[in-house]
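See structure below.
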Amino acid sequence: MTDNPNRASGTVGAGGIGAADDVPRDGVPWDGAAGGLVGRGAGGVGDAVAAEWWKVRSVRSTAAVLGTVGAFLLLCVLWSWYVARYWDGLPAARRGTAQAAPAEQPLAVSLPVCAVVLGALTLTSEYSSGMIRASLAAMPRRGVLFMAKGGVAAALMGAVALVATAAGSLAGAAIIGDRPVPTFHGAAADVAVHLLWLGLTTAAITLIAFGLGAVLRSTAATITSGMAVLFVLPALARLLPSPWDERIWSALPGSLANQIAGPPGSSGDHGALSPPVAVTLLVACTAVALGAGAYAFARRDA
Amino acid sequence: MIEVRELTKRYGGTTAVDRLSFAVRPGTVTGFLGPNGAGKTTTMRVLLGLDHATSGEALVNGTRYGSLRRPMREVGALLDAGAVHGGRRAFDHLGWLARSNGIGTRRVAEVLERVGLAGAARRRVGGFSLGMRQRLGIAAALLGDPGVLMFDEPVNGLDPDGVRWIRELMRSLAAEGRTVLISSHLMSEMELTADRLVVIGRGRLIADTSVRELADRFRRGVLVRSPRAADLTAVLAAAGAGVDTMPGGALTVTGLDVAAIGDAAAAHGIPLHEVTPHSASLEEAYMELTAGSAEFGAVTR
């Protein structure tokens, strides 16, 4: 959309928005009907997405989340450097069996947390400040607003995750150089698939937290729930008797990314699910959270 | 044009608005009055599609607000000036609002100028005073150059300069032919700003009238003093007036206006020392209208 200062592209005789304040309209009833016709003809998802994007980039919490991702990217570099030094110090005999987490590991751990925070804040911060009412008054079609908000947050987090993990992975490969550490020498295509799914899972977790936020309407409750799912439930699942410990743990959102496409060269145990099942589960979780959120958002009073 | 028809809104077991009907016409400032908890804000929230009506309808320009694609070009509203994200700069707050309705950023600068916040455009809203937030909220309402404007308690917390500025702004917006609805719980403020009054209490309509009609309705006779009070009483009573003798010898005359009383006295050569039309102040009229409908009143002893 381009900036269009004219009300209704000139169909209202009284003049453009810019001029309106200076044009006296003494006693002339307002031409509300003409405005109404125009107002219903335009507007839509594009405007809502652009407005939500403006909101996201004009608050400091977004910068804080991105800063956190940046900090963990630095950790990726440090980690790679440490692995390189560690490798150099290993006796040749042990190099064949040595295991090291891949370069992007610090990001893989922290991105879900950032996703939960950003996804939750996108909606819950508006409920706590009351600004949700300004948003709904400006964009009264709730389905459109909900999708625009969730879409912008998820797209941002997904894109940030892709860029950051790609940068971390490339930096790792450069630092490790020709040392034959398996997790740093995956085939480019495999690494790309792995990072793509890391990004998609991050976007999905953003949407799940966003949907949860629409139901709970509280920043504290949403972030606490998100952290519980990411960190507390996996630990609790490990306490269950076999084989349920493995099954439940594998089905938790934080475990899915590696079961879909684990880091190439890693021989660790990523879970019990096959990639198609894990993908289905991720999509289902996202759909349920978004569906519940959209239902609550559309039906409840703001 | 705002039309509310048989609107009812319940929250659980509480009825906030009870079969309320009224219309607000263009070119006037309409005061929406009622004690705290009368249902003013609820009515505005339903008008803006924020809350769903339990029954009845609330229409803006003949349409439900929720069906408007670019509502800010038709309706500007200020419900709660504090409902802004404190970390956002004023320009950005208006910027996203404008963007959501396809309004150019040039207009953002214009409304900031109009409300006197041009110098604060780059400041974060969190540091704004209450008065500045009110101005920012009004700027947001004006963004789309709408024909219908709704303000919920716009003068709350403003200093006298701010109050006067709002009053003049409202009057000039109405003079441009716009429909202006302002809620308030202060009759004294509406007396100076509004042409028409919609008074509600406990969610029900109490009066839908003009300021002048309301003043007339609460006219309370004419106070007359005369050295020949007894003679005057007889003359006025013969002319069909109701006459009460007050303590101190003054008369309260109902049913005759000042001119008729003067003519009757002159015809009989009775001197008059005072003839004062008495009416309840609008404040008193309002208190009388809404007596018993305040939701949380103090117990009078």
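Scheme for the structure tokens: letters A, B, ... for chains in order shown; per-chain residue numbers from 1; ligand numbers from 1 in order shown.
Contact shell of Gly96 in chain A at 10 Å (only C-alpha atoms; same-chain neighbours under 4 positions omitted): A:Pro91, A:Ala92, A:Pro180, A:Val181, A:Pro182.
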Selected residues written out, N, CA and C atoms, as an mmCIF file, in the first residue's frame:
```cif
data_model
loop_
_atom_site.group_PDB
_atom_site.id
_atom_site.type_symbol
_atom_site.label_atom_id
_atom_site.label_comp_id
_atom_site.auth_asym_id
_atom_site.auth_seq_id
_atom_site.Cartn_x
_atom_site.Cartn_y
_atom_site.Cartn_z
ATOM 1 N N PRO A 91 43.867 -36.981 22.276
ATOM 2 C CA PRO A 91 44.732 -37.985 21.650
ATOM 3 C C PRO A 91 44.029 -38.544 20.421
ATOM 4 N N ALA A 92 44.779 -38.893 19.403
ATOM 5 C CA ALA A 92 44.217 -39.359 18.137
ATOM 6 C C ALA A 92 43.257 -40.513 18.345
ATOM 7 N N PRO A 180 38.177 -33.072 11.504
ATOM 8 C CA PRO A 180 37.047 -33.931 11.125
ATOM 9 C C PRO A 180 36.057 -34.173 12.276
ATOM 10 N N VAL A 181 35.502 -33.110 12.851
ATOM 11 C CA VAL A 181 34.466 -33.270 13.875
ATOM 12 C C VAL A 181 33.160 -33.573 13.143
ATOM 13 N N PRO A 182 32.498 -34.703 13.406
ATOM 14 C CA PRO A 182 31.353 -35.109 12.576
ATOM 15 C C PRO A 182 30.221 -34.085 12.554
#
```
Check which residues of chain B sit at most 6 Å from chain A using only C-alpha atoms, and return one row each with the closest pair of atoms and their distance in Å to one decimal, ordered by chain and rising number, as a Markdown table.
```
| residue | atom | partner | partner_atom | distance |
| --- | --- | --- | --- | --- |
| B:Pro26 | CA | A:Pro29 | CA | 5.8 |
| B:Leu50 | CA | A:Ala302 | CA | 5.3 |
| B:Asp51 | CA | A:Asp301 | CA | 4.5 |
| B:Gly66 | CA | A:Pro140 | CA | 5.1 |
| B:Leu68 | CA | A:Arg40 | CA | 5.3 |
| B:Arg69 | CA | A:Arg40 | CA | 4.8 |
| B:Arg70 | CA | A:Gly39 | CA | 4.9 |
| B:Ala83 | CA | A:Gly130 | CA | 4.5 |
| B:Val84 | CA | A:Met131 | CA | 5.2 |
| B:Gly87 | CA | A:Val59 | CA | 5.8 |
| B:Arg88 | CA | A:Val59 | CA | 5.5 |
| B:Trp96 | CA | A:Ala51 | CA | 4.6 |
| B:Arg99 | CA | A:Ala51 | CA | 5.2 |
| B:Ser100 | CA | A:Asp47 | CA | 4.8 |
| B:Ile103 | CA | A:Pro5 | CA | 5.9 |
| B:Gly104 | CA | A:Asp3 | CA | 4.2 |
| B:Asp145 | CA | A:Ile17 | CA | 5.9 |
| B:Gly147 | CA | A:Trp30 | CA | 5.8 |
| B:Ala175 | CA | A:Asp26 | CA | 5.4 |
| B:Glu176 | CA | A:Arg25 | CA | 4.3 |
| B:Gly177 | CA | A:Pro29 | CA | 4.5 |
| B:Arg178 | CA | A:Trp30 | CA | 5.4 |
```
